[in-house]
Amino acid sequence: MAQLLKGADVAVAIDARTAAKVAGLRATGVVPALAILRVGSKADQLSYERGAIKRCEGVGVVVNQHILPEDVSNEVLLDTIRAINGDEAVHGCLILWPLPNHIDAERVRECLCPTKDVDGITEGSMAGILADKPWGYPPCTAAACMEIFSHYGFELEGKRVVVVGRSLVVGRPLSMLLLARNATVTIAHSRTLDLPACCRAADIVIAAVGVAGLLDAQHVAPGQVIVDVGINWNEVEKRLVGDVVFDDAEPIVAAITPVPGGVGAVTTSVLAAHVVDAALL
Ligand code: NAP
């Protein structure tokens, strides 16, 4: 049986470290605060927001919600971000993504102050990841994967890692974080030829695709570590599933994250940790 890499255990460890830092900050009169900016009320965003608030408040981070209607204008949204940028009591800002189609997402990214970009959406944060410099923060999901490797003691140096997915929010930044830890990284995507063979040749496979069950028994090999970032709704079974067919992969591989209860359970802990790090600056 494969080792089950439970996100909750990782989250508990991160939260303990974060809460200790918060205690130190509060002793000096600094109360770490996160602004959450949501446009509209999509069910998955509401669910993530609830989780983020619970996690942040649990470690002593204050959360201010900014909720705008689905038809908000670009200018009102940008003004809200400018107000958050200018609020010295706020240390980080999470903008729930995706934004409605009429919103100019690039202007939103440019508007957010890089020092408050705790979810790594600005070009400044992206440049920091690319250059392996401490500018901004990596996206919380990418950082959550790295926390899982650290918590469970998986060495990355010299390991062959295949990251399936090349989005700006997960695949690309995660690939750079892995490279910075001296892994040998292959980034696979929708045009990759022979994805099963590509994945089987790796020591570690990270699936960040958004296609339920894309990776099955033919994509995995004995001894591998599998991290499944995918969160997909299975309409037939009425439950969340990953990009990996868990029941196919689990008997073959050495370790695997479940969905739900894997990467997703760590993301909000990383968010709270980033806010506290921003408050420490
Ligand atoms: P995305 O922006 O849609 O990117 C998906 C990536 O998968 C693209 O690079 C795409 O390749 C690639 N892809 C699509 N079909 C493929 C195929 N058949 N074979 C190989 N690659 C394929 O998605 P995302 O935002 O990165 O999210 C990925 C998944 O992670 C989603 O399920 C999302 O819900 C989940 N997620 C989870 C968390 C969390 O906290 N756990 C947070 C964020 C996202 P091309 O570039 O060639 O199109």
# chains A, B, ... in the order shown; residues from 1 in each chain; ligands from 1
$ select_by_dssp --residues "segment 88-269 of chain A" --states "helix (DSSP H, G or I)" --output "ChimeraX atom specification"
/A:105-111,114-116,123-131,140-151,171-180,195-200,217-219,246-249,264-269
$ closest_atom_pairs --of "chain A" --to "ligand 1" --cutoff "9 Å" --atoms "only C-alpha atoms and all ligand atoms" --output "CSV"
residue,atom,partner,partner_atom_place_in_ligand_line,distance
A:Tyr48,CA,ligand 1,40 (O),8.7
A:Pro139,CA,ligand 1,42 (C),8.9
A:Cys140,CA,ligand 1,40 (O),7.5
A:Thr141,CA,ligand 1,40 (O),4.9
A:Ala142,CA,ligand 1,42 (C),8.1
A:Ala144,CA,ligand 1,40 (O),7.8
A:Cys145,CA,ligand 1,41 (N),8.8
A:Val164,CA,ligand 1,21 (N),5.6
A:Gly165,CA,ligand 1,6 (C),3.7
A:Arg166,CA,ligand 1,9 (O),3.7
A:Ser167,CA,ligand 1,26 (O),4.5
A:Leu168,CA,ligand 1,26 (O),6.9
A:Val169,CA,ligand 1,26 (O),5.7
A:Val170,CA,ligand 1,26 (O),4.8
A:Gly171,CA,ligand 1,26 (O),6.0
A:Arg172,CA,ligand 1,9 (O),8.5
A:Ile187,CA,ligand 1,9 (O),8.9
A:Ala188,CA,ligand 1,21 (N),6.1
A:His189,CA,ligand 1,21 (N),3.5
A:Ser190,CA,ligand 1,21 (N),3.7
A:Arg191,CA,ligand 1,47 (O),5.6
A:Thr192,CA,ligand 1,20 (C),6.5
A:Leu195,CA,ligand 1,20 (C),7.0
A:Ala207,CA,ligand 1,29 (C),7.6
A:Ala208,CA,ligand 1,28 (C),4.2
A:Val209,CA,ligand 1,7 (O),3.5
A:Gly210,CA,ligand 1,32 (O),3.1
A:Val211,CA,ligand 1,15 (N),6.4
A:Ala212,CA,ligand 1,32 (O),7.6
A:Leu214,CA,ligand 1,18 (N),6.7
A:Leu215,CA,ligand 1,19 (N),8.8
A:Asp228,CA,ligand 1,41 (N),7.9
A:Val229,CA,ligand 1,41 (N),4.7
A:Gly230,CA,ligand 1,32 (O),3.4
A:Ile231,CA,ligand 1,32 (O),4.0
A:Asn232,CA,ligand 1,32 (O),5.3
A:Trp233,CA,ligand 1,32 (O),9.0
A:Val241,CA,ligand 1,32 (O),8.8
A:Gly242,CA,ligand 1,32 (O),6.9
A:Asp243,CA,ligand 1,32 (O),6.8
A:Val259,CA,ligand 1,41 (N),8.4
A:Pro260,CA,ligand 1,41 (N),8.4
A:Gly262,CA,ligand 1,41 (N),7.4
A:Val263,CA,ligand 1,41 (N),4.8
A:Gly264,CA,ligand 1,41 (N),3.6
A:Ala265,CA,ligand 1,40 (O),7.2
A:Val266,CA,ligand 1,40 (O),7.4
A:Thr267,CA,ligand 1,40 (O),5.3
A:Thr268,CA,ligand 1,40 (O),8.0
$ select_by_dssp --residues "segment 127-274 of chain A" --states "strand (DSSP E or B)" --output "PyMOL selection string"
chain A and resi 160-164+184-188+204-207+215+225-228+232-234+239-241+244+255-256
$ residues_around --residues "Ala127 of chain A" --least-positions-apart "2" --cutoff "12 Å" --atoms "only C-alpha atoms" --output "list in words"
Pro114, Gly120, Ile121, Thr122, Glu123, Gly124, Ser125, Ile129, Leu130, Ala131, Asp132, Lys133, Pro134, Trp135, Gly136, Tyr137, Pro138, Leu168, Arg172, Pro173 and Met176 of chain A
$ closest_residue --among "A:Ile67, A:Val62, A:Ala255, A:Ala33" --to "Glu88 of chain A" --atoms "only C-alpha atoms"
A:Ala33
$ atom_distance --atom1 "atom CA of Ala254 of chain A" --atom2 "atom CA of Leu179 of chain A"
22.3 Å
$ atom_distance --atom1 "atom CA of Cys198 of chain A" --atom2 "atom CA of Ser175 of chain A"
15.5 Å
$ closest_residue --among "A:Val244, A:Ala273, A:Ala201, A:Ala105" --to "Ile256 of chain A" --atoms "only C-alpha atoms"
A:Val244
$ atom_distance --atom1 "atom CA of Pro69 of chain A" --atom2 "atom CA of Gly40 of chain A"
4.9 Å
$ residues_around --residues "Asn101 of chain A" --least-positions-apart "5" --cutoff "12 Å" --atoms "only C-alpha atoms" --output "list in words"
Val39, Gly40, Glu70, Asp71, Val72, Ser73, Asn74 and Glu106 of chain A
$ write_last_selection --atoms "C-alpha atoms" --output "compact mmCIF listing (two decimals), in the first residue's frame"
# COMPACT_ATOMS: atom_id res chain seq x y z
CA VAL A 39 -16.16 39.53 -7.45
CA GLY A 40 -19.53 37.77 -7.61
CA GLU A 70 -20.45 40.29 -10.68
CA ASP A 71 -21.04 43.31 -12.96
CA VAL A 72 -18.56 45.59 -11.15
CA SER A 73 -16.69 47.98 -13.44
CA ASN A 74 -12.95 47.74 -14.01
CA GLU A 106 -3.85 42.07 -16.63
$ residues_around --residues "Glu157 of chain A" --least-positions-apart "5" --cutoff "6 Å" --atoms "only C-alpha atoms" --output "list in words"
Arg181, Asn182 and Ala183 of chain A
